[in-house]
Each structure stands twice: as C-alpha cells, then as structure tokens.
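K.L.:
I am sharing input_29.cif, which consists of mmCIF, C-alpha atoms:
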data_entry
loop_
_atom_site.group_PDB
_atom_site.id
_atom_site.type_symbol
_atom_site.label_atom_id
_atom_site.label_comp_id
_atom_site.auth_asym_id
_atom_site.auth_seq_id
_atom_site.Cartn_x
_atom_site.Cartn_y
_atom_site.Cartn_z
ATOM 1 C CA MET A 1 152.911 167.207 109.942
ATOM 2 C CA ASP A 2 153.153 163.684 111.373
ATOM 3 C CA PHE A 3 155.195 160.728 110.147
ATOM 4 C CA HIS A 4 152.457 159.298 107.900
ATOM 5 C CA GLN A 5 151.638 162.628 106.291
ATOM 6 C CA LYS A 6 155.329 163.122 105.569
ATOM 7 C CA LYS A 7 155.549 159.683 103.924
ATOM 8 C CA VAL A 8 152.593 160.476 101.643
ATOM 9 C CA GLN A 9 154.094 163.856 100.775
ATOM 10 C CA GLU A 10 157.489 162.291 100.020
ATOM 11 C CA THR A 11 155.823 159.695 97.781
ATOM 12 C CA ASN A 12 154.008 162.384 95.827
ATOM 13 C CA GLU A 13 157.152 164.475 95.463
ATOM 14 C CA LEU A 14 159.123 161.457 94.230
ATOM 15 C CA TYR A 15 156.385 160.497 91.771
ATOM 16 C CA GLU A 16 156.375 163.998 90.296
ATOM 17 C CA GLU A 17 160.163 164.180 90.210
ATOM 18 C CA HIS A 18 160.535 160.846 88.403
ATOM 19 C CA ALA A 19 157.462 160.992 86.163
ATOM 20 C CA ASP A 20 159.628 161.006 83.032
ATOM 21 C CA THR A 21 161.468 157.885 84.201
ATOM 22 C CA VAL A 22 158.142 156.130 84.786
ATOM 23 C CA GLU A 23 157.136 156.955 81.191
ATOM 24 C CA LYS A 24 160.480 155.693 79.865
ATOM 25 C CA LEU A 25 160.031 152.454 81.796
ATOM 26 C CA HIS A 26 156.533 152.060 80.354
ATOM 27 C CA ALA A 27 157.887 152.551 76.823
ATOM 28 C CA ALA A 28 160.703 150.065 77.458
ATOM 29 C CA LEU A 29 158.219 147.445 78.696
ATOM 30 C CA ARG A 30 155.985 147.893 75.665
ATOM 31 C CA ARG A 31 158.961 147.226 73.382
ATOM 32 C CA GLU A 32 159.227 143.798 75.037
ATOM 33 C CA ILE A 33 155.661 142.782 74.136
ATOM 34 C CA PRO A 34 156.525 141.113 70.793
ATOM 35 C CA LEU A 35 159.245 139.017 72.435
ATOM 36 C CA LEU A 36 157.003 138.043 75.331
ATOM 37 C CA THR A 37 154.196 137.194 72.931
ATOM 38 C CA GLN A 38 156.493 134.895 70.998
ATOM 39 C CA GLU A 39 158.095 133.376 74.115
ATOM 40 C CA PHE A 40 154.784 132.417 75.716
ATOM 41 C CA GLN A 41 152.616 132.136 72.599
ATOM 42 C CA LEU A 42 150.215 134.688 74.035
ATOM 43 C CA SER A 43 146.741 135.112 72.622
ATOM 44 C CA PHE A 44 145.330 138.505 71.659
ATOM 45 C CA ALA A 45 143.372 138.604 74.940
ATOM 46 C CA GLN A 46 146.486 137.749 76.964
ATOM 47 C CA VAL A 47 148.435 140.537 75.269
ATOM 48 C CA LYS A 48 145.699 143.007 76.204
ATOM 49 C CA VAL A 49 145.909 141.872 79.845
ATOM 50 C CA LEU A 50 149.683 142.261 79.694
ATOM 51 C CA GLU A 51 149.318 145.781 78.330
ATOM 52 C CA LEU A 52 146.969 146.661 81.203
ATOM 53 C CA PHE A 53 149.552 145.551 83.743
ATOM 54 C CA MET A 54 152.298 147.512 81.984
ATOM 55 C CA ALA A 55 150.066 150.602 82.007
ATOM 56 C CA ASP A 56 149.867 150.526 85.805
ATOM 57 C CA LYS A 57 152.154 153.526 86.315
ATOM 58 C CA LEU A 58 151.931 153.222 90.091
ATOM 59 C CA THR A 59 153.429 149.724 89.960
ATOM 60 C CA LEU A 60 156.186 150.967 87.645
ATOM 61 C CA PHE A 61 156.896 153.771 90.109
ATOM 62 C CA ARG A 62 157.098 151.291 92.996
ATOM 63 C CA TYR A 63 159.665 149.178 91.148
ATOM 64 C CA LEU A 64 161.718 152.263 90.340
ATOM 65 C CA ARG A 65 161.558 153.555 93.911
ATOM 66 C CA ARG A 66 162.556 150.171 95.341
ATOM 67 C CA ASN A 67 165.621 150.186 93.054
ATOM 68 C CA GLN A 68 166.802 153.759 93.578
ATOM 69 C CA PHE A 69 165.143 154.819 90.282
ATOM 70 C CA SER A 70 167.538 152.763 88.189
ATOM 71 C CA LEU A 71 165.626 152.158 84.957
ATOM 72 C CA PRO A 72 167.684 149.105 83.830
ATOM 73 C CA VAL A 73 167.311 147.358 87.202
ATOM 74 C CA ALA A 74 163.602 148.114 87.472
ATOM 75 C CA LEU A 75 163.048 146.932 83.898
ATOM 76 C CA SER A 76 164.867 143.647 84.545
ATOM 77 C CA LEU A 77 162.904 142.944 87.721
ATOM 78 C CA LEU A 78 159.581 143.879 86.130
ATOM 79 C CA LEU A 79 160.212 141.566 83.198
ATOM 80 C CA ASP A 80 160.994 138.777 85.644
ATOM 81 C CA THR A 81 157.716 139.497 87.453
ATOM 82 C CA ILE A 82 155.808 139.585 84.161
ATOM 83 C CA ARG A 83 157.177 136.164 83.257
ATOM 84 C CA TRP A 84 156.146 134.940 86.717
ATOM 85 C CA ARG A 85 152.661 136.377 86.236
ATOM 86 C CA ILE A 86 152.263 134.637 82.888
ATOM 87 C CA THR A 87 153.659 131.313 84.089
ATOM 88 C CA GLU A 88 151.566 131.320 87.289
ATOM 89 C CA ARG A 89 148.492 132.657 85.442
ATOM 90 C CA ILE A 90 148.041 135.445 87.971
ATOM 91 C CA ASP A 91 145.514 137.325 85.862
ATOM 92 C CA GLU A 92 143.221 134.291 85.860
ATOM 93 C CA LEU A 93 143.013 134.272 89.650
ATOM 94 C CA SER A 94 139.469 135.062 90.776
ATOM 95 C CA ILE A 95 137.396 135.064 93.923
ATOM 96 C CA THR A 96 136.290 131.495 93.230
ATOM 97 C CA HIS A 97 139.870 130.351 93.948
ATOM 98 C CA VAL A 98 139.862 131.804 97.472
ATOM 99 C CA GLN A 99 136.226 131.840 98.549
ATOM 100 C CA ASP A 100 136.611 128.947 101.008
ATOM 101 C CA LEU A 101 138.923 131.098 103.130
ATOM 102 C CA LEU A 102 136.446 133.968 103.070
ATOM 103 C CA GLN A 103 133.639 132.186 104.849
ATOM 104 C CA LYS A 104 135.081 133.614 108.065
ATOM 105 C CA PRO A 105 136.247 137.210 108.596
ATOM 106 C CA LEU A 106 139.911 136.323 108.187
ATOM 107 C CA CYS A 107 140.735 139.372 106.066
ATOM 108 C CA PHE A 108 138.918 142.352 104.618
ATOM 109 C CA PHE A 109 139.344 145.945 103.538
ATOM 110 C CA ASN A 110 137.607 148.544 105.673
ATOM 111 C CA GLY A 111 137.800 152.269 104.999
ATOM 112 C CA PHE A 112 140.840 154.532 104.937
ATOM 113 C CA ASP A 113 143.316 155.929 107.413
ATOM 114 C CA ARG A 114 143.728 159.631 108.137
ATOM 115 C CA VAL A 115 146.004 160.195 105.107
ATOM 116 C CA GLY A 116 143.785 158.320 102.655
ATOM 117 C CA ARG A 117 145.395 154.878 102.534
ATOM 118 C CA PRO A 118 143.084 151.840 102.319
ATOM 119 C CA ILE A 119 143.064 149.707 105.457
ATOM 120 C CA LEU A 120 143.479 145.942 105.182
ATOM 121 C CA ILE A 121 142.557 144.007 108.320
ATOM 122 C CA ILE A 122 143.743 140.444 108.981
ATOM 123 C CA GLN A 123 142.307 138.580 111.985
ATOM 124 C CA LEU A 124 144.525 135.577 112.576
ATOM 125 C CA ARG A 125 142.189 133.855 115.024
ATOM 126 C CA TYR A 126 140.205 132.814 111.943
ATOM 127 C CA PHE A 127 143.226 131.171 110.328
ATOM 128 C CA SER A 128 142.457 127.473 109.893
ATOM 129 C CA ALA A 129 144.714 124.567 110.800
ATOM 130 C CA TYR A 130 146.185 122.483 107.965
ATOM 131 C CA GLU A 131 147.499 118.939 108.053
ATOM 132 C CA ASN A 132 150.699 119.710 106.178
ATOM 133 C CA THR A 133 152.663 122.457 104.493
ATOM 134 C CA ASP A 134 151.539 121.539 100.977
ATOM 135 C CA ASP A 135 147.879 121.900 101.897
ATOM 136 C CA LEU A 136 148.527 125.215 103.585
ATOM 137 C CA LEU A 137 150.407 126.624 100.608
ATOM 138 C CA ALA A 138 147.754 125.433 98.171
ATOM 139 C CA ALA A 139 145.082 127.250 100.160
ATOM 140 C CA VAL A 140 146.792 130.363 101.471
ATOM 141 C CA LEU A 141 149.208 131.393 98.707
ATOM 142 C CA PRO A 142 146.403 132.189 96.206
ATOM 143 C CA LEU A 143 144.714 134.325 98.866
ATOM 144 C CA ILE A 144 147.895 136.294 99.518
ATOM 145 C CA ILE A 145 148.361 136.927 95.812
ATOM 146 C CA TYR A 146 144.702 137.843 95.461
ATOM 147 C CA LEU A 147 144.982 140.349 98.307
ATOM 148 C CA LEU A 148 148.080 141.904 96.765
ATOM 149 C CA GLU A 149 146.497 142.033 93.311
ATOM 150 C CA THR A 150 143.433 143.728 94.733
ATOM 151 C CA ALA A 151 145.616 146.167 96.650
ATOM 152 C CA ARG A 152 147.529 146.974 93.459
ATOM 153 C CA LYS A 153 144.325 147.666 91.535
ATOM 154 C CA LEU A 154 142.689 149.531 94.399
ATOM 155 C CA THR A 155 145.572 151.966 94.898
ATOM 156 C CA ALA A 156 145.829 152.558 91.134
ATOM 157 C CA ASP A 157 142.103 153.270 90.903
ATOM 158 C CA LEU A 158 142.131 155.444 94.020
ATOM 159 C CA THR A 159 145.069 157.482 92.713
ATOM 160 C CA LYS A 160 143.327 158.066 89.358
ATOM 161 C CA GLN A 161 140.174 159.227 91.141
ATOM 162 C CA ARG A 162 142.124 161.632 93.329
ATOM 163 C CA GLN A 163 143.995 163.013 90.309
ATOM 164 C CA LYS A 164 140.726 163.631 88.456
ATOM 165 C CA GLN A 165 139.310 165.402 91.506
ATOM 166 C CA ASN A 166 142.461 167.546 91.839
ATOM 167 C CA ILE A 167 142.992 166.371 95.410
ATOM 168 C CA PRO A 168 146.329 167.583 96.827
ATOM 169 C CA LYS A 169 148.931 164.814 97.116
ATOM 170 C CA PRO A 170 146.826 162.415 95.010
ATOM 171 C CA ILE A 171 149.280 159.493 94.881
ATOM 172 C CA ILE A 172 148.296 156.692 97.279
ATOM 173 C CA SER A 173 150.841 153.938 96.710
ATOM 174 C CA ASP A 174 150.379 151.652 99.717
ATOM 175 C CA LEU A 175 148.051 150.214 102.330
ATOM 176 C CA LEU A 176 147.824 150.357 106.071
ATOM 177 C CA LEU A 177 147.757 146.804 107.468
ATOM 178 C CA LEU A 178 146.289 145.802 110.804
ATOM 179 C CA VAL A 179 147.215 142.227 111.725
ATOM 180 C CA ASP A 180 145.405 141.054 114.849
ATOM 181 C CA PHE A 181 147.065 138.170 116.729
ATOM 182 C CA LYS A 182 144.391 137.880 119.400
ATOM 183 C CA ASP A 183 143.508 134.200 120.042
ATOM 184 C CA ALA A 184 145.578 133.078 117.036
ATOM 185 C CA SER A 185 146.064 129.379 117.747
ATOM 186 C CA HIS A 186 146.788 127.831 114.340
ATOM 187 C CA LEU A 187 149.680 129.858 112.996
ATOM 188 C CA PRO A 188 152.165 127.826 110.916
ATOM 189 C CA LYS A 189 155.589 127.241 112.423
ATOM 190 C CA ASP A 190 157.397 126.239 109.218
ATOM 191 C CA PHE A 191 159.930 128.995 108.519
ATOM 192 C CA SER A 192 160.124 128.028 104.829
ATOM 193 C CA LEU A 193 156.532 129.235 104.489
ATOM 194 C CA VAL A 194 157.535 132.693 105.639
ATOM 195 C CA GLN A 195 160.305 132.745 103.045
ATOM 196 C CA THR A 196 157.846 131.738 100.325
ATOM 197 C CA PHE A 197 155.392 134.473 101.326
ATOM 198 C CA ILE A 198 158.123 137.118 101.421
ATOM 199 C CA LYS A 199 159.204 136.149 97.893
ATOM 200 C CA VAL A 200 155.651 136.835 96.730
ATOM 201 C CA PHE A 201 155.560 140.175 98.543
ATOM 202 C CA LYS A 202 158.704 141.198 96.658
ATOM 203 C CA ARG A 203 156.657 140.969 93.462
ATOM 204 C CA TYR A 204 154.574 143.836 94.885
ATOM 205 C CA PRO A 205 157.208 146.227 96.274
ATOM 206 C CA GLY A 206 155.926 149.021 98.459
ATOM 207 C CA THR A 207 152.284 147.923 98.266
ATOM 208 C CA ALA A 208 152.011 146.812 101.885
ATOM 209 C CA GLY A 209 152.927 150.033 103.643
ATOM 210 C CA MET A 210 152.858 150.245 107.425
ATOM 211 C CA VAL A 211 152.252 146.824 109.010
ATOM 212 C CA ASN A 212 150.743 147.107 112.496
ATOM 213 C CA LEU A 213 150.824 143.958 114.639
ATOM 214 C CA LEU A 214 148.066 144.031 117.262
ATOM 215 C CA ASN A 215 147.842 141.912 120.409
ATOM 216 C CA PHE A 216 151.309 140.565 119.670
ATOM 217 C CA GLY A 217 152.128 138.531 122.762
ATOM 218 C CA TRP A 218 155.360 137.047 124.030
ATOM 219 C CA MET A 219 154.514 133.655 122.459
ATOM 220 C CA TYR A 220 155.096 135.134 118.985
ATOM 221 C CA GLN A 221 158.493 136.683 119.709
ATOM 222 C CA GLY A 222 160.389 133.653 118.398
ATOM 223 C CA MET A 223 158.546 133.914 115.095
ATOM 224 C CA TRP A 224 159.317 137.622 114.822
ATOM 225 C CA GLN A 225 163.015 137.071 115.532
ATOM 226 C CA MET A 226 163.199 134.571 112.638
ATOM 227 C CA ILE A 227 161.314 136.840 110.265
ATOM 228 C CA LYS A 228 163.550 139.803 111.101
ATOM 229 C CA MET A 229 166.587 137.889 109.868
ATOM 230 C CA ILE A 230 165.324 137.850 106.274
ATOM 231 C CA LEU A 231 163.750 141.317 106.142
ATOM 232 C CA SER A 232 165.601 144.342 104.832
ATOM 233 C CA GLN A 233 166.169 147.259 107.179
ATOM 234 C CA GLU A 234 163.605 149.260 105.220
ATOM 235 C CA ALA A 235 161.007 146.484 105.588
ATOM 236 C CA LYS A 236 161.649 146.183 109.323
ATOM 237 C CA SER A 237 161.148 149.938 109.712
ATOM 238 C CA ARG A 238 157.591 149.543 108.398
ATOM 239 C CA VAL A 239 156.561 147.067 111.097
ATOM 240 C CA ALA A 240 155.032 148.503 114.264
ATOM 241 C CA PHE A 241 153.505 147.179 117.493
ATOM 242 C CA PRO A 242 151.079 150.006 118.246
ATOM 243 C CA LYS A 243 149.081 150.722 121.371
ATOM 244 C CA TYR A 244 145.521 151.979 121.216
ATOM 245 C CA LYS A 245 146.556 155.645 121.318
ATOM 246 C CA ASP A 246 148.984 155.063 118.428
ATOM 247 C CA LEU A 247 146.205 153.612 116.289
ATOM 248 C CA ARG A 248 143.960 156.573 117.078
ATOM 249 C CA GLU A 249 146.608 158.848 115.570
ATOM 250 C CA MET A 250 146.435 156.907 112.289
ATOM 251 C CA ILE A 251 142.795 155.859 112.129
ATOM 252 C CA ASP A 252 139.429 157.148 113.297
ATOM 253 C CA GLY A 253 138.865 154.979 116.366
ATOM 254 C CA SER A 254 135.095 154.869 115.918
ATOM 255 C CA GLN A 255 135.596 153.250 112.512
ATOM 256 C CA LEU A 256 137.875 150.360 113.431
ATOM 257 C CA LEU A 257 138.241 149.792 117.132
ATOM 258 C CA ALA A 258 135.754 148.361 119.580
ATOM 259 C CA GLY A 259 137.738 149.334 122.645
ATOM 260 C CA LYS A 260 141.098 149.880 124.191
ATOM 261 C CA THR A 261 142.046 146.253 123.717
ATOM 262 C CA GLY A 262 142.586 146.847 120.011
ATOM 263 C CA ASP A 263 139.752 144.470 119.068
ATOM 264 C CA ILE A 264 138.491 145.073 115.569
ATOM 265 C CA LYS A 265 134.865 145.770 114.889
ATOM 266 C CA LYS A 266 132.740 144.468 112.059
ATOM 267 C CA ASN A 267 132.344 146.650 109.010
ATOM 268 C CA ASN A 268 129.645 149.286 109.403
ATOM 269 C CA GLY A 269 127.015 146.708 110.318
ATOM 270 C CA LYS A 270 127.969 144.188 107.632
ATOM 271 C CA THR A 271 129.647 140.912 108.424
ATOM 272 C CA ASN A 272 133.308 140.882 107.464
ATOM 273 C CA ALA A 273 132.796 138.110 104.938
ATOM 274 C CA THR A 274 129.954 139.950 103.193
ATOM 275 C CA PHE A 275 132.027 143.125 102.990
ATOM 276 C CA PHE A 276 135.015 141.201 101.722
ATOM 277 C CA PHE A 277 133.029 139.483 98.963
ATOM 278 C CA SER A 278 131.376 142.670 97.779
ATOM 279 C CA PHE A 279 134.622 144.610 97.805
ATOM 280 C CA PHE A 280 136.760 142.001 96.082
ATOM 281 C CA GLY A 281 134.134 141.079 93.527
ATOM 282 C CA PHE A 282 133.716 144.710 92.548
ATOM 283 C CA PHE A 283 137.374 145.488 92.134
ATOM 284 C CA PHE A 284 138.293 142.236 90.464
ATOM 285 C CA PHE A 285 135.668 142.502 87.747
ATOM 286 C CA CYS A 286 136.179 146.235 87.217
ATOM 287 C CA PHE A 287 139.740 145.818 85.976
#
Could you render the structure from this file as structure tokens?
P.N.:
Amino acid sequence: MDFHQKKVQETNELYEEHADTVEKLHAALRREIPLLTQEFQLSFAQVKVLELFMADKLTLFRYLRRNQFSLPVALSLLLDTIRWRITERIDELSITHVQDLLQKPLCFFNGFDRVGRPILIIQLRYFSAYENTDDLLAAVLPLIIYLLETARKLTADLTKQRQKQNIPKPIISDLLLLVDFKDASHLPKDFSLVQTFIKVFKRYPGTAGMVNLLNFGWMYQGMWQMIKMILSQEAKSRVAFPKYKDLREMIDGSQLLAGKTGDIKKNNGKTNATFFFSFFGFFFFCF
C-alpha cells in the first residue's frame, strides 16, 4: 500500500472512529441557528442554505480533524466561518462572478487520481497581469473561493455516491492539485496576497490535499521560501515537487500528461474552458 492509499485509509478510519463526534457537532451547530438568524436577520431561504452547509458532515469532520477532534474548538471555528460566509455572501457566489477568468484554461477539474480523489489543474501561464493589488484581489479572490466551494461540494457528493454504492473506503475528503508553473510570467510578488489567500484556505481545512508543483524553476524559489514561513509543518508536508515518474504513480499518465515534461493535456478532446464551465455549472446548480 503506497502513501496515498494509506492516507485515504487513515481518513476513512478516522471518520468511522469519530462519527459520533461529527453528529454531536452537527447538533451543536443546529442549536445556534436561532441566534444566527436573529444576529443577521436571515430570511427563510438563507436559513435553509445555512442548514445545508451545517449538514455537510465531511466539512464538519475536516474541522474536527484539523483541531485534534476537539468539539468545542471545532464548533468555535465553524461558527466563525459561518459568520464569514454570511457576511461575505459566499452562498451567492456563482459562475457569473468568475467567468472572465475562465475564458482561458487557467484552472479546471479533470478526472480522478488512482485512489479516487478529484484532480484540480491550475496552469499559471494563463494568469493575467493586473495593474495593482486591489484589482488582482477583486478578480482572483472570488475564483479561489469558488474553486474551494466547488471542491467542498464535489467531495461531499462523491463520498455520498461511494457510500450508496458500498465502495470500500468511501470517504474522499480532499483533492489532488497539479499547479503548473511552466511559462508563468505574471505571478504576483506581493507577499500580503499570499497571506490573504492562505486565510481563505483555512476556511476549508483539509480540502486541498496533496499540492504538486510542476515545472517549478529556480526563479520561484524566493517565493516558496516566503510561503514556507507562514505554513504549518503539516501544510508543508503536503507540498511536493514531483517528477514525471512520481506523477505516474498517482495518476494515469495517459489521462493528464502529454509527455515527460509534465505538460498538461486538454480534457478528453474538450477545451479546458468548456470543461470548466460545464463542470462548475453542474455542481453549482445541483447543490
């Protein structure tokens, strides 16, 4: 059994072991609904959306796992995230808010790795230049949140399907990320942006699983050294710089790789943008 199979098995064992704690956390969150409704003057429709988020047992499990299965700590952090979601109107975010960035194949989901995790591909050569930090944040932050929201819903849906089909080790709690740095010429150099993005990622603990940085040249080492300073040891352990043979151990090479350079193919004959639109539209409107 390889490293990735062991991680999936450990996740499933932990989920089964702490299933009662997940249910207790769900019950504790539901008891907060009247207070949240009063605090934010939520409509009936908004309460229903809130209940849907609270019913995402996989997200509750992730918060518990990130906090050593301490129910009080996980509850406190989840309530903080719920208040953030309401204030930032996360559940109103739709594909229309990010479609300008999807005209090029900047990011898309494409298939699954060998242990069943969805694969998210990011091709940084399609990252546009922005005049200032404010413009960049206004454009890119909604896309990051939209990706994470879609990942949250996708893994929840995938896990439910696998449970219904009685597939062994049905819990799929994270993604496999492939971030391609080839010909990336417009990457932001403002370190405060990285800090902002990491704060958002902390709202989705354990969703971005193994992060594989492809074609990561010497010119990006300074950026990586800065990022490492604000990552936890656990987060740093999930970042890899794989060679072609390493990727082949995780992913069917014919599905994702055009050659030994690590270049990423298009999606089964579709353009990346078309695949991205169809995938995101489907999952956004299904939930």
K.L.:
I'd like to see the residues matched by the PyMOL selection byres ((chain A and resi 200) around 12) on this file, and ideally I'd get them as a PDB file with C-alpha atoms, keeping the file's coordinate frame.
P.N.:
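Full text of result15.pdb as output:
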ATOM      1  CA  THR A  81     157.716 139.497  87.453  1.00  0.00           C
ATOM      2  CA  TRP A  84     156.146 134.940  86.717  1.00  0.00           C
ATOM      3  CA  ARG A  85     152.661 136.377  86.236  1.00  0.00           C
ATOM      4  CA  GLU A  88     151.566 131.320  87.289  1.00  0.00           C
ATOM      5  CA  ILE A  90     148.041 135.445  87.971  1.00  0.00           C
ATOM      6  CA  VAL A 140     146.792 130.363 101.471  1.00  0.00           C
ATOM      7  CA  LEU A 141     149.208 131.393  98.707  1.00  0.00           C
ATOM      8  CA  PRO A 142     146.403 132.189  96.206  1.00  0.00           C
ATOM      9  CA  LEU A 143     144.714 134.325  98.866  1.00  0.00           C
ATOM     10  CA  ILE A 144     147.895 136.294  99.518  1.00  0.00           C
ATOM     11  CA  ILE A 145     148.361 136.927  95.812  1.00  0.00           C
ATOM     12  CA  TYR A 146     144.702 137.843  95.461  1.00  0.00           C
ATOM     13  CA  LEU A 147     144.982 140.349  98.307  1.00  0.00           C
ATOM     14  CA  LEU A 148     148.080 141.904  96.765  1.00  0.00           C
ATOM     15  CA  GLU A 149     146.497 142.033  93.311  1.00  0.00           C
ATOM     16  CA  LEU A 193     156.532 129.235 104.489  1.00  0.00           C
ATOM     17  CA  VAL A 194     157.535 132.693 105.639  1.00  0.00           C
ATOM     18  CA  GLN A 195     160.305 132.745 103.045  1.00  0.00           C
ATOM     19  CA  THR A 196     157.846 131.738 100.325  1.00  0.00           C
ATOM     20  CA  PHE A 197     155.392 134.473 101.326  1.00  0.00           C
ATOM     21  CA  ILE A 198     158.123 137.118 101.421  1.00  0.00           C
ATOM     22  CA  LYS A 199     159.204 136.149  97.893  1.00  0.00           C
ATOM     23  CA  PHE A 201     155.560 140.175  98.543  1.00  0.00           C
ATOM     24  CA  LYS A 202     158.704 141.198  96.658  1.00  0.00           C
ATOM     25  CA  ARG A 203     156.657 140.969  93.462  1.00  0.00           C
ATOM     26  CA  TYR A 204     154.574 143.836  94.885  1.00  0.00           C
ATOM     27  CA  PRO A 205     157.208 146.227  96.274  1.00  0.00           C
ATOM     28  CA  THR A 207     152.284 147.923  98.266  1.00  0.00           C
ATOM     29  CA  ALA A 208     152.011 146.812 101.885  1.00  0.00           C
TER      30      ALA A 208
END
K.L.:
Return as JSON lines the residues of region 98-134 of chain A lying at most 12 Å from region 243-248 of chain A, together with the closest atom-to-atom pair for each and the distance in Å to one decimal, counting all atoms listed in the file, with rows in chain order and ascending residue number.
P.N.:
{"residue": "A:Asp113", "atom": "CA", "partner": "A:Leu247", "partner_atom": "CA", "distance": 9.6}
{"residue": "A:Arg114", "atom": "CA", "partner": "A:Arg248", "partner_atom": "CA", "distance": 9.5}
{"residue": "A:Ile119", "atom": "CA", "partner": "A:Leu247", "partner_atom": "CA", "distance": 11.9}
K.L.:
Here's the selection I'm unsure about, the PyMOL selection byres ((chain A and resi 9) around 12); applied to the file above, which residues does it give, as a PyMOL selection string?
P.N.:
chain A and resi 1-8+10-16+115-116+168-173
K.L.:
When you draw a straight line from CA of Leu213 (chain A) to CA of Arg62 (chain A), how long is it in Å?
P.N.:
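Between CA of Leu213 (chain A) and CA of Arg62 (chain A) the gap works out to 23.7 Å.
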K.L.:
Pick out the residues sitting within 10 Å of region 49-59 of chain A, and hand them over as an MDAnalysis selection string; count only C-alpha atoms, and ignore anything fewer than 4 positions along from it in its own chain.
P.N.:
chainID A and resid 15 19 22:23 25:30 33 36:37 42:45 63:65 78:79 82 85:86 91 152:153 155:157 159:160 171:174 203:207 287
K.L.:
Can you pull out the residues contacting Asn215 (chain A)? Cut-off 6 Å, using all atoms listed in the file, and skip same-chain residues under 2 positions away; I want them as a list in words.
P.N.:
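The residues that qualify are Phe181, Lys182 and Gly217 of chain A.
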K.L.:
Can I get the selection written as a PDB file, in the coordinates of the input, with C-alpha atoms?
P.N.:
ATOM      1  CA  PHE A 181     147.065 138.170 116.729  1.00  0.00           C
ATOM      2  CA  LYS A 182     144.391 137.880 119.400  1.00  0.00           C
ATOM      3  CA  GLY A 217     152.128 138.531 122.762  1.00  0.00           C
TER       4      GLY A 217
END
